[in-house]
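Chemist: Just one file: work.csv, with CSV, C-alpha atoms.
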chain,number,residue,atom,x,y,z
A,1,MET,CA,-16.1,-12.3,-36.7
A,2,ASN,CA,-13.7,-14.1,-34.3
A,3,LYS,CA,-11.3,-11.1,-34.7
A,4,TYR,CA,-14.0,-8.7,-33.6
A,5,PHE,CA,-14.9,-10.9,-30.7
A,6,LYS,CA,-11.3,-10.8,-29.6
A,7,ILE,CA,-11.2,-7.0,-29.9
A,8,GLN,CA,-14.3,-6.8,-27.8
A,9,MET,CA,-12.8,-9.1,-25.1
A,10,VAL,CA,-9.6,-7.0,-25.1
A,11,LEU,CA,-11.6,-3.8,-24.6
A,12,LEU,CA,-13.6,-5.4,-21.8
A,13,THR,CA,-10.4,-6.5,-20.1
A,14,VAL,CA,-9.0,-3.0,-20.4
A,15,MET,CA,-12.1,-1.5,-19.0
A,16,LEU,CA,-12.2,-4.0,-16.1
A,17,PHE,CA,-8.5,-3.1,-15.4
A,18,VAL,CA,-9.3,0.6,-15.5
A,19,SER,CA,-12.0,0.2,-12.9
A,20,SER,CA,-9.5,-1.3,-10.4
A,21,HIS,CA,-8.7,0.8,-7.4
A,22,ALA,CA,-6.7,-1.3,-5.0
A,23,PHE,CA,-4.8,1.6,-3.4
A,24,GLY,CA,-6.2,3.9,-0.7
A,25,ARG,CA,-8.1,1.1,1.0
A,26,SER,CA,-7.1,1.9,4.5
A,27,GLU,CA,-10.0,2.1,6.9
A,28,ALA,CA,-8.4,5.3,8.2
A,29,PHE,CA,-9.8,7.1,5.1
A,30,LYS,CA,-13.1,5.4,5.1
A,31,ASN,CA,-15.2,6.6,2.2
A,32,ASN,CA,-13.4,9.9,1.7
A,33,ILE,CA,-11.1,8.8,-1.1
A,34,TYR,CA,-11.9,10.2,-4.6
A,35,ASN,CA,-11.1,7.8,-7.3
A,36,PRO,CA,-9.8,9.7,-10.4
A,37,GLY,CA,-9.5,6.4,-12.4
A,38,ILE,CA,-6.5,5.4,-14.4
A,39,LEU,CA,-4.5,8.4,-15.6
A,40,LYS,CA,-1.7,9.0,-18.1
A,41,PRO,CA,1.3,7.5,-16.3
A,42,ILE,CA,3.6,10.5,-16.8
A,43,ASP,CA,2.5,13.9,-18.1
A,44,SER,CA,5.5,16.2,-17.8
A,45,VAL,CA,9.2,16.4,-18.6
A,46,LEU,CA,11.8,16.7,-15.8
A,47,LYS,CA,13.7,20.0,-15.8
A,48,VAL,CA,16.2,19.1,-13.1
A,49,LYS,CA,19.2,16.9,-13.8
A,50,VAL,CA,21.0,14.4,-11.6
A,51,GLY,CA,24.5,15.8,-10.7
A,52,GLU,CA,23.4,19.4,-11.0
A,53,LYS,CA,22.4,22.0,-8.4
A,54,VAL,CA,18.7,22.0,-7.5
A,55,PRO,CA,17.1,25.5,-7.7
A,56,ASP,CA,16.2,26.8,-4.2
A,57,PHE,CA,12.5,27.1,-3.2
A,58,THR,CA,10.5,28.4,-0.3
A,59,LEU,CA,7.1,27.0,0.5
A,60,PRO,CA,4.6,27.3,3.4
A,61,SER,CA,4.3,24.2,5.6
A,62,LEU,CA,1.6,22.7,7.8
A,63,SER,CA,3.6,23.8,10.9
A,64,GLY,CA,2.9,27.4,9.9
A,65,GLN,CA,6.6,28.0,9.0
A,66,LYS,CA,8.0,28.6,5.6
A,67,ILE,CA,10.6,26.0,4.6
A,68,SER,CA,13.4,26.6,2.1
A,69,LEU,CA,15.7,24.0,0.6
A,70,SER,CA,18.7,26.1,1.3
A,71,GLN,CA,18.2,25.9,5.1
A,72,PHE,CA,19.4,22.3,5.0
A,73,ARG,CA,22.5,23.1,3.0
A,74,GLY,CA,25.6,21.6,4.7
A,75,LYS,CA,23.3,20.0,7.4
A,76,LYS,CA,21.0,17.3,6.0
A,77,ASN,CA,20.3,15.3,2.8
A,78,VAL,CA,16.8,16.1,1.6
A,79,VAL,CA,14.3,13.8,0.1
A,80,ILE,CA,11.3,15.4,-1.6
A,81,SER,CA,8.2,13.3,-2.1
A,82,PHE,CA,5.8,14.9,-4.6
A,83,VAL,CA,2.4,13.3,-4.6
A,84,PRO,CA,-0.3,14.4,-7.0
A,85,ALA,CA,-3.3,15.2,-4.8
A,86,ALA,CA,-4.8,14.9,-1.3
A,87,TRP,CA,-7.7,12.5,-0.9
A,88,THR,CA,-6.8,10.3,-3.9
A,89,PRO,CA,-6.1,6.5,-3.7
A,90,VAL,CA,-2.4,6.1,-4.2
A,91,CYS,CA,-1.3,9.3,-2.5
A,92,SER,CA,-3.2,8.4,0.6
A,93,ASP,CA,-1.3,5.1,0.6
A,94,GLN,CA,2.2,6.6,0.3
A,95,TRP,CA,3.1,9.0,3.1
A,96,PRO,CA,1.7,6.8,6.0
A,97,GLY,CA,4.4,4.3,4.9
A,98,TYR,CA,7.1,6.9,5.1
A,99,ASN,CA,5.7,7.8,8.5
A,100,ILE,CA,6.9,4.5,10.0
A,101,ALA,CA,10.2,4.5,8.0
A,102,GLU,CA,11.8,7.5,9.8
A,103,SER,CA,14.8,5.2,10.8
A,104,PHE,CA,15.9,4.9,7.2
A,105,PHE,CA,16.1,8.7,6.9
A,106,GLN,CA,17.8,9.1,10.2
A,107,GLN,CA,20.4,6.4,9.4
A,108,ASN,CA,21.3,8.3,6.2
A,109,ASP,CA,21.2,11.8,7.7
A,110,ALA,CA,18.2,12.8,5.6
A,111,ILE,CA,15.0,14.7,6.2
A,112,LEU,CA,11.8,14.3,4.2
A,113,LEU,CA,9.7,17.0,2.7
A,114,GLY,CA,6.2,15.9,1.5
A,115,ILE,CA,4.8,18.3,-1.1
A,116,THR,CA,1.5,18.6,-3.1
A,117,VAL,CA,-0.1,21.4,-5.0
A,118,ASP,CA,-3.1,21.4,-2.6
A,119,ASN,CA,-3.7,24.3,-0.2
A,120,LEU,CA,-2.8,24.0,3.5
A,121,PRO,CA,-6.3,23.5,4.9
A,122,THR,CA,-6.8,20.5,2.6
A,123,LEU,CA,-3.4,19.1,3.5
A,124,PHE,CA,-4.2,19.6,7.2
A,125,ALA,CA,-7.5,17.6,7.0
A,126,TRP,CA,-6.0,14.9,4.8
A,127,THR,CA,-2.8,14.3,6.7
A,128,ASN,CA,-4.7,14.2,10.0
A,129,GLN,CA,-6.0,10.9,8.9
A,130,MET,CA,-2.5,9.5,8.7
A,131,GLY,CA,-1.7,10.0,12.4
A,132,LYS,CA,1.1,12.4,13.6
A,133,LEU,CA,3.6,12.8,10.8
A,134,TRP,CA,7.3,13.2,11.7
A,135,PHE,CA,8.1,15.0,8.4
A,136,ALA,CA,7.2,18.4,7.1
A,137,VAL,CA,4.3,18.8,4.6
A,138,LEU,CA,4.6,21.7,2.2
A,139,SER,CA,2.0,23.3,0.0
A,140,ASP,CA,2.9,24.3,-3.6
A,141,PHE,CA,-0.6,25.8,-4.0
A,142,TYR,CA,0.1,29.4,-4.9
A,143,PRO,CA,1.4,30.5,-7.3
A,144,HIS,CA,-0.1,27.2,-8.4
A,145,GLY,CA,2.5,24.5,-8.7
A,146,LYS,CA,5.4,26.9,-9.2
A,147,MET,CA,7.9,24.6,-7.6
A,148,ALA,CA,6.5,21.5,-9.4
A,149,GLU,CA,6.9,23.5,-12.6
A,150,THR,CA,10.5,24.4,-11.8
A,151,PHE,CA,11.3,20.8,-11.2
A,152,GLY,CA,9.3,19.7,-14.3
A,153,VAL,CA,6.8,17.6,-12.5
A,154,LEU,CA,3.6,19.7,-13.0
A,155,ARG,CA,1.1,17.8,-15.1
A,156,SER,CA,-1.1,19.4,-17.7
A,157,ASP,CA,-4.2,19.1,-15.4
A,158,GLY,CA,-2.5,21.1,-12.6
A,159,VAL,CA,-1.6,18.3,-10.3
A,160,SER,CA,2.0,17.1,-9.8
A,161,GLU,CA,3.6,13.8,-10.7
A,162,ARG,CA,4.3,11.2,-8.2
A,163,ALA,CA,8.0,11.9,-7.9
A,164,LEU,CA,10.9,11.3,-5.6
A,165,PHE,CA,14.1,13.5,-5.4
A,166,VAL,CA,17.1,12.9,-3.3
A,167,ILE,CA,19.3,16.0,-2.8
A,168,ASP,CA,22.6,15.9,-1.0
A,169,LYS,CA,23.9,18.3,1.6
A,170,GLU,CA,25.6,20.4,-1.1
A,171,GLY,CA,22.2,20.9,-2.8
A,172,ILE,CA,23.1,18.6,-5.7
A,173,LEU,CA,20.4,16.3,-7.1
A,174,ARG,CA,21.5,12.7,-6.6
A,175,TYR,CA,18.4,10.9,-7.6
A,176,ALA,CA,15.2,11.7,-9.5
A,177,HIS,CA,12.3,9.2,-10.0
A,178,VAL,CA,9.0,9.9,-11.6
A,179,GLU,CA,6.7,7.0,-10.9
A,180,ASP,CA,3.6,6.0,-12.9
A,181,ILE,CA,1.0,8.3,-11.3
A,182,ASN,CA,-1.3,5.2,-10.9
A,183,LYS,CA,1.3,3.3,-8.8
A,184,ARG,CA,3.1,3.6,-5.5
A,185,PRO,CA,7.0,3.4,-5.7
A,186,ASP,CA,8.3,0.5,-3.6
A,187,LEU,CA,9.9,1.8,-0.4
A,188,GLU,CA,13.0,-0.3,-1.4
A,189,ILE,CA,13.8,2.2,-4.2
A,190,LEU,CA,14.1,5.1,-1.8
A,191,VAL,CA,16.0,3.1,0.8
A,192,THR,CA,18.5,1.9,-1.8
A,193,GLU,CA,19.1,5.5,-3.0
A,194,LEU,CA,19.5,6.8,0.5
A,195,GLU,CA,22.0,4.1,1.3
A,196,LYS,CA,23.9,4.8,-1.9
A,197,LEU,CA,24.1,8.4,-1.0
A,198,ASN,CA,25.7,7.6,2.3
A,199,LYS,CA,28.1,5.1,0.8
A,200,ASN,CA,29.2,7.5,-1.9
A,201,ARG,CA,29.8,10.2,0.7
A,202,ILE,CA,32.1,7.9,2.7
A,203,LYS,CA,34.0,7.0,-0.5
A,204,SER,CA,34.7,10.6,-1.3
A,205,PRO,CA,35.3,12.5,1.9
B,206,MET,CA,-17.1,-4.9,-41.7
B,207,LYS,CA,-16.5,-1.5,-40.0
B,208,LYS,CA,-20.0,-1.6,-38.8
B,209,VAL,CA,-19.4,-4.9,-37.1
B,210,LEU,CA,-16.4,-3.5,-35.4
B,211,LEU,CA,-18.3,-0.4,-34.3
B,212,TYR,CA,-21.2,-2.6,-32.9
B,213,SER,CA,-18.6,-4.8,-31.3
B,214,ILE,CA,-16.9,-1.9,-29.4
B,215,LEU,CA,-20.3,-0.5,-28.4
B,216,ALA,CA,-21.4,-3.9,-27.1
B,217,GLY,CA,-18.2,-4.2,-25.1
B,218,PHE,CA,-18.7,-0.8,-23.7
B,219,LEU,CA,-22.3,-1.5,-22.7
B,220,ILE,CA,-21.4,-4.8,-21.1
B,221,SER,CA,-18.6,-3.2,-19.1
B,222,GLN,CA,-21.0,-0.4,-18.0
B,223,PHE,CA,-23.5,-3.0,-16.9
B,224,ILE,CA,-20.9,-4.8,-14.9
B,225,PHE,CA,-19.7,-1.7,-13.1
B,226,THR,CA,-23.2,-0.5,-12.3
B,227,CYS,CA,-24.4,-3.9,-11.2
B,228,PRO,CA,-22.1,-4.9,-8.3
B,229,ALA,CA,-24.2,-7.9,-7.5
B,230,VAL,CA,-23.3,-9.4,-10.9
B,231,ALA,CA,-19.6,-8.8,-11.2
B,232,GLU,CA,-18.1,-7.4,-8.0
B,233,VAL,CA,-15.9,-9.8,-6.2
B,234,LYS,CA,-17.0,-9.9,-2.6
B,235,PRO,CA,-15.0,-10.7,0.6
B,236,PRO,CA,-15.4,-14.3,1.8
B,237,GLU,CA,-18.7,-14.8,3.5
B,238,VAL,CA,-19.3,-16.6,6.8
B,239,GLY,CA,-20.4,-20.1,6.0
B,240,SER,CA,-18.6,-20.2,2.7
B,241,ILE,CA,-15.2,-21.4,1.7
B,242,LEU,CA,-12.2,-19.2,0.8
B,243,PRO,CA,-11.3,-18.2,-2.7
B,244,GLU,CA,-8.1,-19.9,-3.9
B,245,ILE,CA,-5.3,-17.9,-2.1
B,246,ILE,CA,-1.9,-19.3,-3.0
B,247,LEU,CA,1.1,-18.3,-0.9
B,248,ASN,CA,4.8,-19.1,-1.0
B,249,VAL,CA,6.1,-21.5,1.7
B,250,PRO,CA,8.1,-19.2,4.0
B,251,LYS,CA,11.9,-19.7,4.0
B,252,GLU,CA,12.2,-19.3,7.8
B,253,PRO,CA,12.4,-22.7,9.5
B,254,GLU,CA,10.4,-21.4,12.5
B,255,HIS,CA,7.6,-20.2,10.2
B,256,GLN,CA,7.6,-23.5,8.3
B,257,LYS,CA,7.3,-25.3,11.6
B,258,TYR,CA,4.6,-23.0,12.9
B,259,LEU,CA,2.5,-23.6,9.7
B,260,GLY,CA,3.3,-27.3,9.4
B,261,LEU,CA,4.8,-26.9,6.0
B,262,THR,CA,8.1,-28.1,4.5
B,263,GLY,CA,10.3,-27.4,1.6
B,264,GLU,CA,9.7,-24.8,-1.1
B,265,GLY,CA,6.8,-24.0,-3.4
B,266,THR,CA,3.4,-22.8,-2.6
B,267,PHE,CA,0.5,-23.7,-0.3
B,268,LYS,CA,-3.2,-22.7,0.2
B,269,ILE,CA,-4.4,-21.3,3.6
B,270,PRO,CA,-6.5,-24.4,4.5
B,271,GLU,CA,-3.3,-26.5,4.2
B,272,ILE,CA,-1.9,-24.8,7.3
B,273,LYS,CA,-1.6,-27.2,10.2
B,274,GLY,CA,-4.2,-26.3,12.8
B,275,LYS,CA,-7.9,-26.2,13.6
B,276,VAL,CA,-8.4,-22.5,13.1
B,277,VAL,CA,-6.5,-20.1,10.9
B,278,ILE,CA,-6.9,-16.3,11.3
B,279,TYR,CA,-5.5,-14.2,8.5
B,280,GLU,CA,-5.3,-10.4,8.4
B,281,ILE,CA,-5.2,-8.4,5.2
B,282,TYR,CA,-3.1,-5.4,6.1
B,283,SER,CA,-0.7,-2.9,4.6
B,284,MET,CA,2.4,-1.1,5.9
B,285,TYR,CA,0.9,2.0,4.3
B,286,CYS,CA,-2.4,1.8,6.3
B,287,PRO,CA,-2.4,3.9,9.5
B,288,PHE,CA,-4.9,1.7,11.3
B,289,CYS,CA,-2.9,-1.4,10.5
B,290,GLN,CA,0.2,0.3,11.9
B,291,LYS,CA,-1.6,1.4,15.1
B,292,GLU,CA,-3.0,-2.1,15.5
B,293,ALA,CA,0.2,-4.0,14.9
B,294,PRO,CA,1.1,-4.3,18.7
B,295,ILE,CA,-2.4,-5.6,19.4
B,296,VAL,CA,-2.1,-8.3,16.8
B,297,ASN,CA,1.3,-9.2,18.3
B,298,GLN,CA,-0.5,-9.5,21.6
B,299,LEU,CA,-3.1,-11.7,20.0
B,300,PHE,CA,-0.3,-14.0,18.7
B,301,GLN,CA,1.4,-14.1,22.1
B,302,LYS,CA,-1.9,-14.9,23.9
B,303,ILE,CA,-2.6,-17.8,21.5
B,304,GLU,CA,1.0,-19.2,21.9
B,305,SER,CA,0.9,-19.0,25.7
B,306,ASN,CA,-2.5,-20.7,26.0
B,307,GLU,CA,-2.0,-24.5,26.2
B,308,ARG,CA,-5.5,-25.1,24.9
B,309,LEU,CA,-5.0,-23.0,21.8
B,310,LYS,CA,-1.3,-23.3,21.0
B,311,GLY,CA,-0.9,-25.4,17.8
B,312,LYS,CA,-4.6,-25.2,17.1
B,313,VAL,CA,-5.1,-21.5,16.2
B,314,LYS,CA,-2.7,-20.1,13.6
B,315,LEU,CA,-2.2,-16.5,12.6
B,316,ILE,CA,-0.8,-15.0,9.4
B,317,GLY,CA,-0.8,-11.6,7.7
B,318,ILE,CA,-1.0,-10.7,4.0
B,319,GLY,CA,0.4,-7.3,3.0
B,320,ALA,CA,-1.9,-6.0,0.3
B,321,GLY,CA,0.2,-4.3,-2.4
B,322,ASN,CA,3.3,-4.7,-0.2
B,323,SER,CA,6.5,-6.0,-1.7
B,324,VAL,CA,8.9,-8.5,0.0
B,325,PHE,CA,11.0,-5.6,1.2
B,326,GLU,CA,8.0,-3.8,2.6
B,327,VAL,CA,6.6,-6.9,4.4
B,328,ASP,CA,10.1,-7.5,5.8
B,329,PHE,CA,10.3,-3.9,7.0
B,330,PHE,CA,6.9,-4.1,8.7
B,331,ARG,CA,8.0,-7.3,10.4
B,332,LYS,CA,11.1,-5.7,11.8
B,333,ASN,CA,9.5,-2.4,12.7
B,334,TYR,CA,6.8,-4.0,14.8
B,335,ASP,CA,8.7,-7.2,15.8
B,336,VAL,CA,6.1,-9.4,14.3
B,337,LYS,CA,6.7,-13.1,15.2
B,338,PHE,CA,4.0,-14.7,13.1
B,339,PRO,CA,4.4,-15.2,9.3
B,340,LEU,CA,3.7,-12.3,7.0
B,341,PHE,CA,3.3,-12.7,3.2
B,342,PRO,CA,3.7,-10.1,0.4
B,343,ASP,CA,0.9,-9.5,-2.1
B,344,THR,CA,3.0,-7.1,-4.3
B,345,ASP,CA,0.6,-6.9,-7.2
B,346,PHE,CA,-2.6,-6.9,-5.2
B,347,SER,CA,-3.6,-10.2,-6.7
B,348,ILE,CA,-4.8,-11.7,-3.4
B,349,HIS,CA,-6.4,-8.4,-2.4
B,350,LYS,CA,-8.4,-8.5,-5.7
B,351,ILE,CA,-9.8,-12.0,-5.1
B,352,MET,CA,-10.6,-10.9,-1.5
B,353,GLY,CA,-13.0,-8.3,-2.9
B,354,GLU,CA,-10.5,-5.4,-2.5
B,355,VAL,CA,-11.4,-5.1,1.1
B,356,ARG,CA,-10.4,-2.1,3.2
B,357,THR,CA,-7.7,-2.7,5.7
B,358,PRO,CA,-7.3,-4.1,8.2
B,359,TYR,CA,-9.6,-7.0,7.4
B,360,PHE,CA,-9.7,-10.3,9.4
B,361,VAL,CA,-10.8,-13.7,8.2
B,362,GLY,CA,-11.2,-16.8,10.4
B,363,ILE,CA,-11.5,-20.3,8.9
B,364,LYS,CA,-12.2,-23.5,10.7
B,365,ILE,CA,-10.4,-26.5,9.2
B,366,ASN,CA,-12.5,-29.7,9.5
B,367,ALA,CA,-11.2,-33.2,10.1
B,368,ASP,CA,-11.8,-34.2,6.5
B,369,GLY,CA,-9.6,-31.4,5.2
B,370,THR,CA,-12.5,-29.1,4.2
B,371,HIS,CA,-12.9,-25.7,5.7
B,372,THR,CA,-15.5,-23.1,6.5
B,373,VAL,CA,-15.2,-19.3,7.0
B,374,PHE,CA,-16.6,-18.4,10.4
B,375,TYR,CA,-15.3,-14.8,10.6
B,376,SER,CA,-14.9,-12.2,7.9
B,377,LYS,CA,-14.9,-8.6,9.1
B,378,LEU,CA,-13.4,-5.2,8.4
B,379,GLY,CA,-11.8,-3.2,11.1
B,380,THR,CA,-9.2,-3.2,13.9
B,381,ILE,CA,-9.5,-5.8,16.6
B,382,ASN,CA,-8.9,-3.2,19.4
B,383,ASN,CA,-8.6,-5.8,22.2
B,384,ALA,CA,-6.7,-9.0,21.9
B,385,ASP,CA,-8.5,-10.9,24.7
B,386,GLU,CA,-11.9,-10.0,23.5
B,387,PHE,CA,-11.1,-10.9,19.9
B,388,LEU,CA,-9.6,-14.2,21.0
B,389,SER,CA,-12.7,-15.1,23.0
B,390,LEU,CA,-14.8,-14.3,20.0
B,391,ILE,CA,-12.7,-16.5,17.8
B,392,VAL,CA,-12.9,-19.4,20.2
B,393,LYS,CA,-16.7,-18.9,20.5
B,394,LEU,CA,-17.4,-18.5,16.8
B,395,SER,CA,-15.2,-21.4,15.7
B,396,GLY,CA,-16.6,-23.7,18.4
B,397,LEU,CA,-13.1,-24.7,19.5
Once more with this new file: its structure as structure tokens, please.
Modeler:
Amino acid sequence: MNKYFKIQMVLLTVMLFVSSHAFGRSEAFKNNIYNPGILKPIDSVLKVKVGEKVPDFTLPSLSGQKISLSQFRGKKNVVISFVPAAWTPVCSDQWPGYNIAESFFQQNDAILLGITVDNLPTLFAWTNQMGKLWFAVLSDFYPHGKMAETFGVLRSDGVSERALFVIDKEGILRYAHVEDINKRPDLEILVTELEKLNKNRIKSP
Amino acid sequence: MKKVLLYSILAGFLISQFIFTCPAVAEVKPPEVGSILPEIILNVPKEPEHQKYLGLTGEGTFKIPEIKGKVVIYEIYSMYCPFCQKEAPIVNQLFQKIESNERLKGKVKLIGIGAGNSVFEVDFFRKNYDVKFPLFPDTDFSIHKIMGEVRTPYFVGIKINADGTHTVFYSKLGTINNADEFLSLIVKLSGL
């Protein structure tokens, strides 16, 4: 009987853990955050490889202009931040942090592209809660998640993974990271990779 | 035996549902005015100026009421929270106003706790906004959890009594907007 009591306690603990939603607690979003609960950490397989050329893409952005990866070729390193969905806890807690971290990108000659599979009107309303963003926000809405699919970060339920990609000026993928969808990657991970990119470039002129 | 397991799982499920639908029973609430704080354990800061400010020495941990002073104000914030970012200069003003007021300096102490923020992220926030008062990481949200998973920014004020006990006199969600008004309110509510 003791064994079953233990099982029960474990289940109870798991359920309590599942109910937790510590992210997305900024007052900026008030009660507008939808909590999807705890999801399968990773639900796709990467199709791009570090060291290889990244396929080009063109997506509409909130500024009204279409943005292509190739337009930064030879000019800027590109960081892509995929977040799963607007108005969800962890995602609402990620880009506002990048919004105050512009200096790390500038120091390493990089720009940031924030991408979700939501449509532009949704992205407009959602990102307005974050204040004025310095980086471009792109919509991979239609054909739905095509770019996410190309990169191998489209999940089976149609949202993307929480993923970071660092692409150098030659269009080569230098870093890929798919985070547990329920967690936010520490800013330090990205800063370390950006600095590495810069150091490596100096080493091999 | 299988039946016992089945009932056991069912009972666990029902209990958990009861807990989630009855917040009054299980939900951890933010500290209430008139109560005492939950046990919040922080690492003694490495910076000598912060140790001096808090009246702490050496390494190890401490609890908020152990800070040297008559009133401690702590903010639960996050570098990822737009309102906390916008408010950072006002909280800096608050600190400066306390430190430049002979009547309050040494008596009112201010600290920040970064909910879900790592050491790196707290350090970045400090540098980015030139924060002079001590900030502490809460990487795994453990402090945020025992604080009732409050929205951010959230301010708590405690009064430290002569006998070492303490009382919460302020516990509120939202930005402080005006440093002078907030400080007057703190002085009034704490009875300083």
Chemist: Each residue of range 98-201 of chain A with at least one atom at most 9 Å from range 272-294 of chain B should appear once, together with its nearest atom pair and the corresponding distance in Å (one decimal); atoms considered: all atoms listed in the file; ordering: chain, then increasing residue number; output as a Markdown table.
Modeler:
| residue | atom | partner | partner_atom | distance |
| --- | --- | --- | --- | --- |
| A:Tyr98 | CA | B:Tyr285 | CA | 7.9 |
| A:Asn99 | CA | B:Tyr285 | CA | 8.6 |
| A:Ile100 | CA | B:Gln290 | CA | 8.1 |
| A:Gln129 | CA | B:Pro287 | CA | 7.9 |
| A:Met130 | CA | B:Pro287 | CA | 5.7 |
| A:Gly131 | CA | B:Pro287 | CA | 6.8 |
Chemist: Looking at A:Leu187, A:Leu62, A:Val90, A:Leu197, which one is nearest to Trp134 in chain A, with distances taken over all atoms listed in the file?
Modeler: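 Closest to Trp134 in chain A, using all atoms listed in the file: A:Leu62.
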Chemist: What does the distance from CA of Leu309 in chain B to CA of Glu386 in chain B come to in Å, to one decimal?
Modeler: 14.8 Å
Chemist: Leaving out Phe141 in chain A and any residue of its chain fewer than 5 positions from it, which residues lie within 7 Å of it when counting all atoms listed in the file, given as a short mmCIF file (atom, residue, chain, number, x, y, z; two decimals) with C-alpha atoms, in the frame of the given file?
Modeler:
data_model
loop_
_atom_site.label_atom_id
_atom_site.label_comp_id
_atom_site.auth_asym_id
_atom_site.auth_seq_id
_atom_site.Cartn_x
_atom_site.Cartn_y
_atom_site.Cartn_z
CA VAL A 117 -0.10 21.40 -5.00
CA ASP A 118 -3.10 21.40 -2.60
CA ASN A 119 -3.70 24.30 -0.20
#
Chemist: Using Å and a single decimal, report how far CA of Ser376 in chain B sits from CA of Val361 in chain B.
Modeler: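 So the answer is 4.4 Å.
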Chemist: When you draw a straight line from CA of Ala384 in chain B to CA of Asn297 in chain B, how long is it in Å?
Modeler: 8.8 Å
Chemist: Between B:Val233, B:Phe374, B:Leu315, B:Glu271, which is the closest to chain A once you count all atoms listed in the file?
Modeler: B:Val233
Chemist: Taking 6 positions as the minimum chain separation for residues in the same chain, which residues sit within 10 Å of Ala86 in chain A when counting only C-alpha atoms? Answer as a list of chain:residue names.
Modeler: A:Ile33, A:Tyr34, A:Ser92, A:Thr116, A:Val117, A:Asp118, A:Asn119, A:Thr122, A:Leu123, A:Phe124, A:Ala125, A:Trp126, A:Thr127
Chemist: Between A:Ser68, A:Asn182, A:Thr192, A:Ser44, single out the one closest to Ser160 in chain A, counting only C-alpha atoms.
Modeler: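 Among the listed residues, the smallest separation from Ser160 in chain A belongs to A:Ser44.
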Chemist: Go through B:Lys350, B:Leu394, B:Pro342, B:Glu326 one by one, measure the shortest atom-to-atom distance of each to Ile189 in chain A using all atoms listed in the file, and give the residue with the smallest value.
Modeler: B:Glu326
Chemist: If we count all atoms listed in the file and set the cut-off at 9 Å, which residues sit around Val249 in chain B, ignoring sequence neighbours fewer than 2 positions away in its own chain? Please answer as a ChimeraX atom specification.
Modeler: /B:247,251-252,255-256,261-267
